[in-house]
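Asks: My questions will all concern the structure given below.
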Amino acid sequence: MSNLFTRLLNERTFLLADGALGTNLFEMGLQTGDAPELWNIDHPERIAELAQQFIDAGSDILLTNSFGGTHYRLKLHKAESRVHELNKAAAEIVRQRADASERDIVVAGSMGPTGEIFAPNGTLTYDQAYAAFKEQAEALKDGGADVLWIETISATEEAQVAYDAAVSTGLPVVYTM
């Protein structure tokens, strides 16, 4: 059976993605310095409402609220032990809204940078980064993501390891810069 994302790419000339997830969350009450990913548990109704707004606006692809979902980013908020819980919830919330839609909606598991610097300039190794991205990617898959959406990673080493970890799940992968 073909993955929904792959099937829609083959059937249509374009797919419309949502946009400005973070900006919209700030308009809904997220404060500067807060971890948006915590809202997947603390305010799931707000995440679901935003997903519905994107569906109503015609989006074919909805990104999950998981951009900072590696344990490196979540550690800044003392939530590094909640990687699986927060990422799985991010995908489940959007998956529920997508499945309730009369249209086919792709759930894209958003994966952003770790915020760490790779060795030799920093301390992050390939294996450490791979483990972090793999943990996030597996949780997004467990929550029902159709595709993994790696975004805003500009360091080539980090982009490669994020891709390697994402591909290991068997899901299609999109990378944006």
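Labels used: A, B, ... for chains in the order of the structure tokens, numbers from 1 for residues in each chain, and numbers from 1 for ligands as shown.
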Report the residues of chain A whose backbone DSSP state falls under alpha helix (DSSP H), written as a PDB file with N, CA and C atoms, in the first residue's frame.
Replies:
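Just written: result.pdb:
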```pdb
ATOM      1  N   LEU A   4       0.190   7.761   1.975  1.00  0.00           N
ATOM      2  CA  LEU A   4      -0.703   8.846   1.555  1.00  0.00           C
ATOM      3  C   LEU A   4       0.061   9.986   0.891  1.00  0.00           C
ATOM      4  N   PHE A   5       1.159  10.395   1.474  1.00  0.00           N
ATOM      5  CA  PHE A   5       1.953  11.496   0.926  1.00  0.00           C
ATOM      6  C   PHE A   5       2.426  11.166  -0.490  1.00  0.00           C
ATOM      7  N   THR A   6       2.989  10.001  -0.650  1.00  0.00           N
ATOM      8  CA  THR A   6       3.499   9.579  -1.958  1.00  0.00           C
ATOM      9  C   THR A   6       2.364   9.491  -2.977  1.00  0.00           C
ATOM     10  N   ARG A   7       1.233   8.929  -2.552  1.00  0.00           N
ATOM     11  CA  ARG A   7       0.090   8.808  -3.458  1.00  0.00           C
ATOM     12  C   ARG A   7      -0.392  10.178  -3.918  1.00  0.00           C
ATOM     13  N   LEU A   8      -0.548  11.126  -2.980  1.00  0.00           N
ATOM     14  CA  LEU A   8      -1.026  12.458  -3.349  1.00  0.00           C
ATOM     15  C   LEU A   8      -0.031  13.184  -4.258  1.00  0.00           C
ATOM     16  N   LEU A   9       1.257  13.007  -4.026  1.00  0.00           N
ATOM     17  CA  LEU A   9       2.258  13.609  -4.912  1.00  0.00           C
ATOM     18  C   LEU A   9       2.124  13.086  -6.333  1.00  0.00           C
ATOM     19  N   ASN A  10       1.789  11.821  -6.460  1.00  0.00           N
ATOM     20  CA  ASN A  10       1.624  11.225  -7.788  1.00  0.00           C
ATOM     21  C   ASN A  10       0.322  11.634  -8.456  1.00  0.00           C
ATOM     22  N   GLU A  11      -0.693  11.983  -7.681  1.00  0.00           N
ATOM     23  CA  GLU A  11      -2.010  12.307  -8.220  1.00  0.00           C
ATOM     24  C   GLU A  11      -2.203  13.792  -8.529  1.00  0.00           C
ATOM     25  N   LEU A  21       3.189  28.064  11.852  1.00  0.00           N
ATOM     26  CA  LEU A  21       2.695  27.395  13.049  1.00  0.00           C
ATOM     27  C   LEU A  21       3.092  28.162  14.303  1.00  0.00           C
ATOM     28  N   GLY A  22       4.372  28.499  14.429  1.00  0.00           N
ATOM     29  CA  GLY A  22       4.840  29.211  15.610  1.00  0.00           C
ATOM     30  C   GLY A  22       4.170  30.556  15.788  1.00  0.00           C
ATOM     31  N   THR A  23       4.066  31.313  14.721  1.00  0.00           N
ATOM     32  CA  THR A  23       3.416  32.627  14.773  1.00  0.00           C
ATOM     33  C   THR A  23       1.981  32.489  15.252  1.00  0.00           C
ATOM     34  N   ASN A  24       1.285  31.503  14.732  1.00  0.00           N
ATOM     35  CA  ASN A  24      -0.099  31.275  15.148  1.00  0.00           C
ATOM     36  C   ASN A  24      -0.193  30.859  16.612  1.00  0.00           C
ATOM     37  N   LEU A  25       0.757  30.079  17.086  1.00  0.00           N
ATOM     38  CA  LEU A  25       0.736  29.680  18.493  1.00  0.00           C
ATOM     39  C   LEU A  25       0.947  30.890  19.406  1.00  0.00           C
ATOM     40  N   PHE A  26       1.808  31.819  18.990  1.00  0.00           N
ATOM     41  CA  PHE A  26       1.989  33.040  19.782  1.00  0.00           C
ATOM     42  C   PHE A  26       0.684  33.829  19.835  1.00  0.00           C
ATOM     43  N   GLU A  27      -0.035  33.861  18.728  1.00  0.00           N
ATOM     44  CA  GLU A  27      -1.327  34.556  18.716  1.00  0.00           C
ATOM     45  C   GLU A  27      -2.353  33.861  19.610  1.00  0.00           C
ATOM     46  N   TRP A  39       2.631  22.229  24.718  1.00  0.00           N
ATOM     47  CA  TRP A  39       1.209  22.443  24.453  1.00  0.00           C
ATOM     48  C   TRP A  39       0.526  21.182  23.917  1.00  0.00           C
ATOM     49  N   ASN A  40       1.289  20.259  23.359  1.00  0.00           N
ATOM     50  CA  ASN A  40       0.686  19.020  22.856  1.00  0.00           C
ATOM     51  C   ASN A  40       0.021  18.233  23.983  1.00  0.00           C
ATOM     52  N   ILE A  41       0.486  18.436  25.208  1.00  0.00           N
ATOM     53  CA  ILE A  41      -0.088  17.795  26.387  1.00  0.00           C
ATOM     54  C   ILE A  41      -0.894  18.800  27.208  1.00  0.00           C
ATOM     55  N   ASP A  42      -0.344  20.001  27.400  1.00  0.00           N
ATOM     56  CA  ASP A  42      -0.984  21.003  28.259  1.00  0.00           C
ATOM     57  C   ASP A  42      -2.184  21.690  27.616  1.00  0.00           C
ATOM     58  N   PRO A  44      -3.833  20.593  24.233  1.00  0.00           N
ATOM     59  CA  PRO A  44      -4.046  19.899  22.957  1.00  0.00           C
ATOM     60  C   PRO A  44      -5.205  20.479  22.157  1.00  0.00           C
ATOM     61  N   GLU A  45      -6.186  21.047  22.844  1.00  0.00           N
ATOM     62  CA  GLU A  45      -7.333  21.628  22.145  1.00  0.00           C
ATOM     63  C   GLU A  45      -6.902  22.814  21.288  1.00  0.00           C
ATOM     64  N   ARG A  46      -5.903  23.565  21.720  1.00  0.00           N
ATOM     65  CA  ARG A  46      -5.417  24.702  20.931  1.00  0.00           C
ATOM     66  C   ARG A  46      -4.672  24.221  19.685  1.00  0.00           C
ATOM     67  N   ILE A  47      -3.900  23.159  19.841  1.00  0.00           N
ATOM     68  CA  ILE A  47      -3.177  22.587  18.696  1.00  0.00           C
ATOM     69  C   ILE A  47      -4.187  22.012  17.699  1.00  0.00           C
ATOM     70  N   ALA A  48      -5.198  21.329  18.200  1.00  0.00           N
ATOM     71  CA  ALA A  48      -6.235  20.764  17.331  1.00  0.00           C
ATOM     72  C   ALA A  48      -7.010  21.869  16.625  1.00  0.00           C
ATOM     73  N   GLU A  49      -7.319  22.940  17.340  1.00  0.00           N
ATOM     74  CA  GLU A  49      -8.042  24.069  16.740  1.00  0.00           C
ATOM     75  C   GLU A  49      -7.228  24.691  15.600  1.00  0.00           C
ATOM     76  N   LEU A  50      -5.936  24.849  15.812  1.00  0.00           N
ATOM     77  CA  LEU A  50      -5.089  25.419  14.767  1.00  0.00           C
ATOM     78  C   LEU A  50      -5.012  24.476  13.560  1.00  0.00           C
ATOM     79  N   ALA A  51      -4.892  23.184  13.813  1.00  0.00           N
ATOM     80  CA  ALA A  51      -4.891  22.212  12.712  1.00  0.00           C
ATOM     81  C   ALA A  51      -6.173  22.321  11.909  1.00  0.00           C
ATOM     82  N   GLN A  52      -7.297  22.453  12.604  1.00  0.00           N
ATOM     83  CA  GLN A  52      -8.580  22.574  11.912  1.00  0.00           C
ATOM     84  C   GLN A  52      -8.640  23.851  11.081  1.00  0.00           C
ATOM     85  N   GLN A  53      -8.098  24.935  11.605  1.00  0.00           N
ATOM     86  CA  GLN A  53      -8.066  26.187  10.842  1.00  0.00           C
ATOM     87  C   GLN A  53      -7.276  26.012   9.549  1.00  0.00           C
ATOM     88  N   PHE A  54      -6.158  25.293   9.612  1.00  0.00           N
ATOM     89  CA  PHE A  54      -5.365  25.036   8.411  1.00  0.00           C
ATOM     90  C   PHE A  54      -6.126  24.147   7.427  1.00  0.00           C
ATOM     91  N   ILE A  55      -6.840  23.144   7.938  1.00  0.00           N
ATOM     92  CA  ILE A  55      -7.657  22.293   7.068  1.00  0.00           C
ATOM     93  C   ILE A  55      -8.735  23.134   6.393  1.00  0.00           C
ATOM     94  N   ASP A  56      -9.418  23.956   7.187  1.00  0.00           N
ATOM     95  CA  ASP A  56     -10.486  24.803   6.649  1.00  0.00           C
ATOM     96  C   ASP A  56      -9.964  25.790   5.607  1.00  0.00           C
ATOM     97  N   HIS A  71      15.550  15.743  22.287  1.00  0.00           N
ATOM     98  CA  HIS A  71      15.818  15.923  23.722  1.00  0.00           C
ATOM     99  C   HIS A  71      16.761  17.089  23.975  1.00  0.00           C
ATOM    100  N   TYR A  72      17.567  17.464  22.995  1.00  0.00           N
ATOM    101  CA  TYR A  72      18.462  18.621  23.180  1.00  0.00           C
ATOM    102  C   TYR A  72      17.659  19.912  23.344  1.00  0.00           C
ATOM    103  N   ARG A  73      16.648  20.098  22.518  1.00  0.00           N
ATOM    104  CA  ARG A  73      15.821  21.305  22.617  1.00  0.00           C
ATOM    105  C   ARG A  73      14.904  21.239  23.845  1.00  0.00           C
ATOM    106  N   LEU A  74      14.331  20.074  24.086  1.00  0.00           N
ATOM    107  CA  LEU A  74      13.421  19.938  25.221  1.00  0.00           C
ATOM    108  C   LEU A  74      14.156  20.056  26.558  1.00  0.00           C
ATOM    109  N   LYS A  75      15.454  19.749  26.566  1.00  0.00           N
ATOM    110  CA  LYS A  75      16.250  19.882  27.786  1.00  0.00           C
ATOM    111  C   LYS A  75      16.248  21.323  28.290  1.00  0.00           C
ATOM    112  N   VAL A  83      10.435  13.170  25.273  1.00  0.00           N
ATOM    113  CA  VAL A  83      10.524  13.222  23.808  1.00  0.00           C
ATOM    114  C   VAL A  83       9.431  12.387  23.153  1.00  0.00           C
ATOM    115  N   HIS A  84       9.315  11.138  23.533  1.00  0.00           N
ATOM    116  CA  HIS A  84       8.338  10.259  22.891  1.00  0.00           C
ATOM    117  C   HIS A  84       6.918  10.755  23.140  1.00  0.00           C
ATOM    118  N   GLU A  85       6.606  11.068  24.381  1.00  0.00           N
ATOM    119  CA  GLU A  85       5.268  11.524  24.749  1.00  0.00           C
ATOM    120  C   GLU A  85       4.859  12.770  23.967  1.00  0.00           C
ATOM    121  N   LEU A  86       5.730  13.772  23.913  1.00  0.00           N
ATOM    122  CA  LEU A  86       5.386  15.051  23.282  1.00  0.00           C
ATOM    123  C   LEU A  86       5.298  14.945  21.764  1.00  0.00           C
ATOM    124  N   ASN A  87       6.211  14.194  21.153  1.00  0.00           N
ATOM    125  CA  ASN A  87       6.183  14.046  19.698  1.00  0.00           C
ATOM    126  C   ASN A  87       5.038  13.151  19.243  1.00  0.00           C
ATOM    127  N   LYS A  88       4.790  12.083  19.962  1.00  0.00           N
ATOM    128  CA  LYS A  88       3.677  11.197  19.614  1.00  0.00           C
ATOM    129  C   LYS A  88       2.366  11.969  19.715  1.00  0.00           C
ATOM    130  N   ALA A  89       2.210  12.747  20.788  1.00  0.00           N
ATOM    131  CA  ALA A  89       0.992  13.548  20.957  1.00  0.00           C
ATOM    132  C   ALA A  89       0.860  14.573  19.832  1.00  0.00           C
ATOM    133  N   ALA A  90       1.978  15.176  19.424  1.00  0.00           N
ATOM    134  CA  ALA A  90       1.945  16.159  18.330  1.00  0.00           C
ATOM    135  C   ALA A  90       1.352  15.543  17.070  1.00  0.00           C
ATOM    136  N   ALA A  91       1.794  14.335  16.739  1.00  0.00           N
ATOM    137  CA  ALA A  91       1.290  13.665  15.540  1.00  0.00           C
ATOM    138  C   ALA A  91      -0.151  13.184  15.731  1.00  0.00           C
ATOM    139  N   GLU A  92      -0.466  12.676  16.915  1.00  0.00           N
ATOM    140  CA  GLU A  92      -1.821  12.171  17.156  1.00  0.00           C
ATOM    141  C   GLU A  92      -2.877  13.271  17.033  1.00  0.00           C
ATOM    142  N   ILE A  93      -2.573  14.451  17.550  1.00  0.00           N
ATOM    143  CA  ILE A  93      -3.543  15.554  17.485  1.00  0.00           C
ATOM    144  C   ILE A  93      -3.867  15.890  16.036  1.00  0.00           C
ATOM    145  N   VAL A  94      -2.836  16.034  15.224  1.00  0.00           N
ATOM    146  CA  VAL A  94      -3.050  16.379  13.812  1.00  0.00           C
ATOM    147  C   VAL A  94      -3.668  15.197  13.063  1.00  0.00           C
ATOM    148  N   ARG A  95      -3.243  13.986  13.382  1.00  0.00           N
ATOM    149  CA  ARG A  95      -3.790  12.790  12.736  1.00  0.00           C
ATOM    150  C   ARG A  95      -5.298  12.701  12.963  1.00  0.00           C
ATOM    151  N   GLN A  96      -5.746  12.991  14.188  1.00  0.00           N
ATOM    152  CA  GLN A  96      -7.182  12.928  14.489  1.00  0.00           C
ATOM    153  C   GLN A  96      -7.955  13.922  13.626  1.00  0.00           C
ATOM    154  N   ARG A  97      -7.445  15.129  13.499  1.00  0.00           N
ATOM    155  CA  ARG A  97      -8.126  16.138  12.672  1.00  0.00           C
ATOM    156  C   ARG A  97      -8.062  15.758  11.198  1.00  0.00           C
ATOM    157  N   ALA A  98      -6.936  15.245  10.755  1.00  0.00           N
ATOM    158  CA  ALA A  98      -6.787  14.834   9.356  1.00  0.00           C
ATOM    159  C   ALA A  98      -7.763  13.702   9.030  1.00  0.00           C
ATOM    160  N   ASP A  99      -7.856  12.734   9.917  1.00  0.00           N
ATOM    161  CA  ASP A  99      -8.739  11.587   9.684  1.00  0.00           C
ATOM    162  C   ASP A  99     -10.216  11.980   9.705  1.00  0.00           C
ATOM    163  N   ALA A 100     -10.546  13.029  10.446  1.00  0.00           N
ATOM    164  CA  ALA A 100     -11.933  13.489  10.523  1.00  0.00           C
ATOM    165  C   ALA A 100     -12.332  14.342   9.315  1.00  0.00           C
ATOM    166  N   TYR A 126      27.996  12.472  15.592  1.00  0.00           N
ATOM    167  CA  TYR A 126      27.010  11.892  14.681  1.00  0.00           C
ATOM    168  C   TYR A 126      26.095  10.932  15.443  1.00  0.00           C
ATOM    169  N   ASP A 127      26.693  10.029  16.228  1.00  0.00           N
ATOM    170  CA  ASP A 127      25.909   9.019  16.936  1.00  0.00           C
ATOM    171  C   ASP A 127      24.925   9.639  17.923  1.00  0.00           C
ATOM    172  N   GLN A 128      25.343  10.692  18.633  1.00  0.00           N
ATOM    173  CA  GLN A 128      24.448  11.365  19.574  1.00  0.00           C
ATOM    174  C   GLN A 128      23.280  12.030  18.836  1.00  0.00           C
ATOM    175  N   ALA A 129      23.598  12.716  17.752  1.00  0.00           N
ATOM    176  CA  ALA A 129      22.554  13.393  16.979  1.00  0.00           C
ATOM    177  C   ALA A 129      21.612  12.371  16.344  1.00  0.00           C
ATOM    178  N   TYR A 130      22.178  11.290  15.830  1.00  0.00           N
ATOM    179  CA  TYR A 130      21.359  10.241  15.223  1.00  0.00           C
ATOM    180  C   TYR A 130      20.363   9.689  16.248  1.00  0.00           C
ATOM    181  N   ALA A 131      20.848   9.400  17.446  1.00  0.00           N
ATOM    182  CA  ALA A 131      19.974   8.865  18.495  1.00  0.00           C
ATOM    183  C   ALA A 131      18.849   9.849  18.814  1.00  0.00           C
ATOM    184  N   ALA A 132      19.175  11.133  18.875  1.00  0.00           N
ATOM    185  CA  ALA A 132      18.165  12.157  19.198  1.00  0.00           C
ATOM    186  C   ALA A 132      17.117  12.264  18.090  1.00  0.00           C
ATOM    187  N   PHE A 133      17.570  12.328  16.844  1.00  0.00           N
ATOM    188  CA  PHE A 133      16.621  12.434  15.729  1.00  0.00           C
ATOM    189  C   PHE A 133      15.821  11.142  15.554  1.00  0.00           C
ATOM    190  N   LYS A 134      16.454  10.006  15.769  1.00  0.00           N
ATOM    191  CA  LYS A 134      15.769   8.712  15.643  1.00  0.00           C
ATOM    192  C   LYS A 134      14.653   8.611  16.682  1.00  0.00           C
ATOM    193  N   GLU A 135      14.943   9.021  17.916  1.00  0.00           N
ATOM    194  CA  GLU A 135      13.942   8.988  18.975  1.00  0.00           C
ATOM    195  C   GLU A 135      12.734   9.853  18.598  1.00  0.00           C
ATOM    196  N   GLN A 136      12.997  11.030  18.074  1.00  0.00           N
ATOM    197  CA  GLN A 136      11.912  11.918  17.669  1.00  0.00           C
ATOM    198  C   GLN A 136      11.151  11.340  16.483  1.00  0.00           C
ATOM    199  N   ALA A 137      11.867  10.880  15.475  1.00  0.00           N
ATOM    200  CA  ALA A 137      11.237  10.354  14.263  1.00  0.00           C
ATOM    201  C   ALA A 137      10.348   9.153  14.569  1.00  0.00           C
ATOM    202  N   GLU A 138      10.806   8.254  15.422  1.00  0.00           N
ATOM    203  CA  GLU A 138      10.014   7.077  15.784  1.00  0.00           C
ATOM    204  C   GLU A 138       8.733   7.481  16.520  1.00  0.00           C
ATOM    205  N   ALA A 139       8.841   8.482  17.400  1.00  0.00           N
ATOM    206  CA  ALA A 139       7.660   8.938  18.136  1.00  0.00           C
ATOM    207  C   ALA A 139       6.641   9.570  17.190  1.00  0.00           C
ATOM    208  N   LEU A 140       7.118  10.352  16.222  1.00  0.00           N
ATOM    209  CA  LEU A 140       6.211  10.958  15.240  1.00  0.00           C
ATOM    210  C   LEU A 140       5.526   9.879  14.403  1.00  0.00           C
ATOM    211  N   LYS A 141       6.285   8.869  14.030  1.00  0.00           N
ATOM    212  CA  LYS A 141       5.697   7.743  13.290  1.00  0.00           C
ATOM    213  C   LYS A 141       4.660   7.030  14.149  1.00  0.00           C
ATOM    214  N   ASP A 142       4.993   6.793  15.411  1.00  0.00           N
ATOM    215  CA  ASP A 142       4.055   6.126  16.327  1.00  0.00           C
ATOM    216  C   ASP A 142       2.756   6.917  16.475  1.00  0.00           C
ATOM    217  N   THR A 156      25.283  21.215   7.276  1.00  0.00           N
ATOM    218  CA  THR A 156      25.191  20.008   6.448  1.00  0.00           C
ATOM    219  C   THR A 156      25.343  18.729   7.262  1.00  0.00           C
ATOM    220  N   GLU A 157      26.216  18.727   8.282  1.00  0.00           N
ATOM    221  CA  GLU A 157      26.383  17.517   9.103  1.00  0.00           C
ATOM    222  C   GLU A 157      25.077  17.171   9.810  1.00  0.00           C
ATOM    223  N   GLU A 158      24.428  18.184  10.344  1.00  0.00           N
ATOM    224  CA  GLU A 158      23.181  17.945  11.071  1.00  0.00           C
ATOM    225  C   GLU A 158      22.062  17.542  10.109  1.00  0.00           C
ATOM    226  N   ALA A 159      22.030  18.166   8.948  1.00  0.00           N
ATOM    227  CA  ALA A 159      21.023  17.808   7.943  1.00  0.00           C
ATOM    228  C   ALA A 159      21.166  16.342   7.543  1.00  0.00           C
ATOM    229  N   GLN A 160      22.394  15.893   7.355  1.00  0.00           N
ATOM    230  CA  GLN A 160      22.632  14.510   6.948  1.00  0.00           C
ATOM    231  C   GLN A 160      22.193  13.526   8.025  1.00  0.00           C
ATOM    232  N   VAL A 161      22.540  13.796   9.263  1.00  0.00           N
ATOM    233  CA  VAL A 161      22.191  12.870  10.330  1.00  0.00           C
ATOM    234  C   VAL A 161      20.676  12.877  10.577  1.00  0.00           C
ATOM    235  N   ALA A 162      20.032  14.019  10.470  1.00  0.00           N
ATOM    236  CA  ALA A 162      18.571  14.066  10.615  1.00  0.00           C
ATOM    237  C   ALA A 162      17.923  13.233   9.519  1.00  0.00           C
ATOM    238  N   TYR A 163      18.419  13.371   8.296  1.00  0.00           N
ATOM    239  CA  TYR A 163      17.902  12.593   7.171  1.00  0.00           C
ATOM    240  C   TYR A 163      18.109  11.097   7.410  1.00  0.00           C
ATOM    241  N   ASP A 164      19.324  10.718   7.805  1.00  0.00           N
ATOM    242  CA  ASP A 164      19.621   9.301   8.044  1.00  0.00           C
ATOM    243  C   ASP A 164      18.676   8.710   9.082  1.00  0.00           C
ATOM    244  N   ALA A 165      18.443   9.440  10.158  1.00  0.00           N
ATOM    245  CA  ALA A 165      17.563   8.952  11.221  1.00  0.00           C
ATOM    246  C   ALA A 165      16.114   8.878  10.736  1.00  0.00           C
ATOM    247  N   ALA A 166      15.681   9.889  10.004  1.00  0.00           N
ATOM    248  CA  ALA A 166      14.307   9.916   9.500  1.00  0.00           C
ATOM    249  C   ALA A 166      14.054   8.769   8.523  1.00  0.00           C
ATOM    250  N   VAL A 167      14.978   8.553   7.604  1.00  0.00           N
ATOM    251  CA  VAL A 167      14.828   7.494   6.602  1.00  0.00           C
ATOM    252  C   VAL A 167      14.744   6.122   7.261  1.00  0.00           C
TER     253      VAL A 167
END
```
Asks: Using DSSP on the backbone coordinates, identify the residues of stretch 39-175 of chain A assigned to strand (DSSP E or B); present them as a PyMOL selection string.
Replies: chain A and resi 61-63+106-111+118+124+147-151+173-175
Asks: For the selection you just gave me, I'd like the residues written to a file as an mmCIF file, in the first residue's frame, keeping N, CA and C atoms.
Replies:
```cif
data_model
loop_
_atom_site.group_PDB
_atom_site.id
_atom_site.type_symbol
_atom_site.label_atom_id
_atom_site.label_comp_id
_atom_site.auth_asym_id
_atom_site.auth_seq_id
_atom_site.Cartn_x
_atom_site.Cartn_y
_atom_site.Cartn_z
ATOM 1 N N ILE A 61 -1.240 19.531 3.632
ATOM 2 C CA ILE A 61 -0.177 19.033 4.501
ATOM 3 C C ILE A 61 -0.208 19.841 5.790
ATOM 4 N N LEU A 62 -0.286 19.148 6.919
ATOM 5 C CA LEU A 62 -0.248 19.798 8.223
ATOM 6 C C LEU A 62 0.996 19.353 8.962
ATOM 7 N N LEU A 63 1.811 20.316 9.388
ATOM 8 C CA LEU A 63 2.995 19.998 10.171
ATOM 9 C C LEU A 63 2.624 19.858 11.641
ATOM 10 N N VAL A 106 -2.323 15.155 4.713
ATOM 11 C CA VAL A 106 -1.048 14.547 5.066
ATOM 12 C C VAL A 106 -0.582 15.108 6.406
ATOM 13 N N VAL A 107 -0.169 14.222 7.305
ATOM 14 C CA VAL A 107 0.418 14.624 8.583
ATOM 15 C C VAL A 107 1.934 14.557 8.432
ATOM 16 N N ALA A 108 2.570 15.719 8.553
ATOM 17 C CA ALA A 108 4.022 15.833 8.380
ATOM 18 C C ALA A 108 4.669 16.059 9.739
ATOM 19 N N GLY A 109 5.495 15.119 10.159
ATOM 20 C CA GLY A 109 6.180 15.210 11.443
ATOM 21 C C GLY A 109 7.348 16.178 11.363
ATOM 22 N N SER A 110 7.171 17.355 11.944
ATOM 23 C CA SER A 110 8.182 18.408 11.891
ATOM 24 C C SER A 110 9.384 18.072 12.772
ATOM 25 N N MET A 111 10.575 18.168 12.172
ATOM 26 C CA MET A 111 11.832 17.925 12.882
ATOM 27 C C MET A 111 12.769 19.099 12.605
ATOM 28 N N PHE A 118 28.210 20.590 16.146
ATOM 29 C CA PHE A 118 28.926 19.340 15.925
ATOM 30 C C PHE A 118 30.419 19.480 16.187
ATOM 31 N N LEU A 124 28.774 17.776 19.909
ATOM 32 C CA LEU A 124 27.814 16.811 19.391
ATOM 33 C C LEU A 124 28.456 15.884 18.360
ATOM 34 N N VAL A 147 4.703 11.437 6.810
ATOM 35 C CA VAL A 147 5.982 11.854 6.249
ATOM 36 C C VAL A 147 6.740 12.576 7.353
ATOM 37 N N LEU A 148 8.056 12.520 7.298
ATOM 38 C CA LEU A 148 8.876 13.290 8.236
ATOM 39 C C LEU A 148 9.398 14.513 7.506
ATOM 40 N N TRP A 149 9.267 15.671 8.133
ATOM 41 C CA TRP A 149 9.499 16.962 7.510
ATOM 42 C C TRP A 149 10.641 17.657 8.243
ATOM 43 N N ILE A 150 11.856 17.498 7.719
ATOM 44 C CA ILE A 150 13.043 18.105 8.339
ATOM 45 C C ILE A 150 13.139 19.533 7.833
ATOM 46 N N GLU A 151 13.208 20.483 8.770
ATOM 47 C CA GLU A 151 13.171 21.875 8.352
ATOM 48 C C GLU A 151 14.141 22.758 9.134
ATOM 49 N N VAL A 173 10.565 11.204 3.417
ATOM 50 C CA VAL A 173 11.219 12.328 4.091
ATOM 51 C C VAL A 173 11.263 13.522 3.160
ATOM 52 N N VAL A 174 10.916 14.688 3.710
ATOM 53 C CA VAL A 174 11.048 15.965 3.011
ATOM 54 C C VAL A 174 12.059 16.782 3.799
ATOM 55 N N TYR A 175 12.907 17.490 3.081
ATOM 56 C CA TYR A 175 13.877 18.372 3.739
ATOM 57 C C TYR A 175 13.751 19.759 3.143
#
```
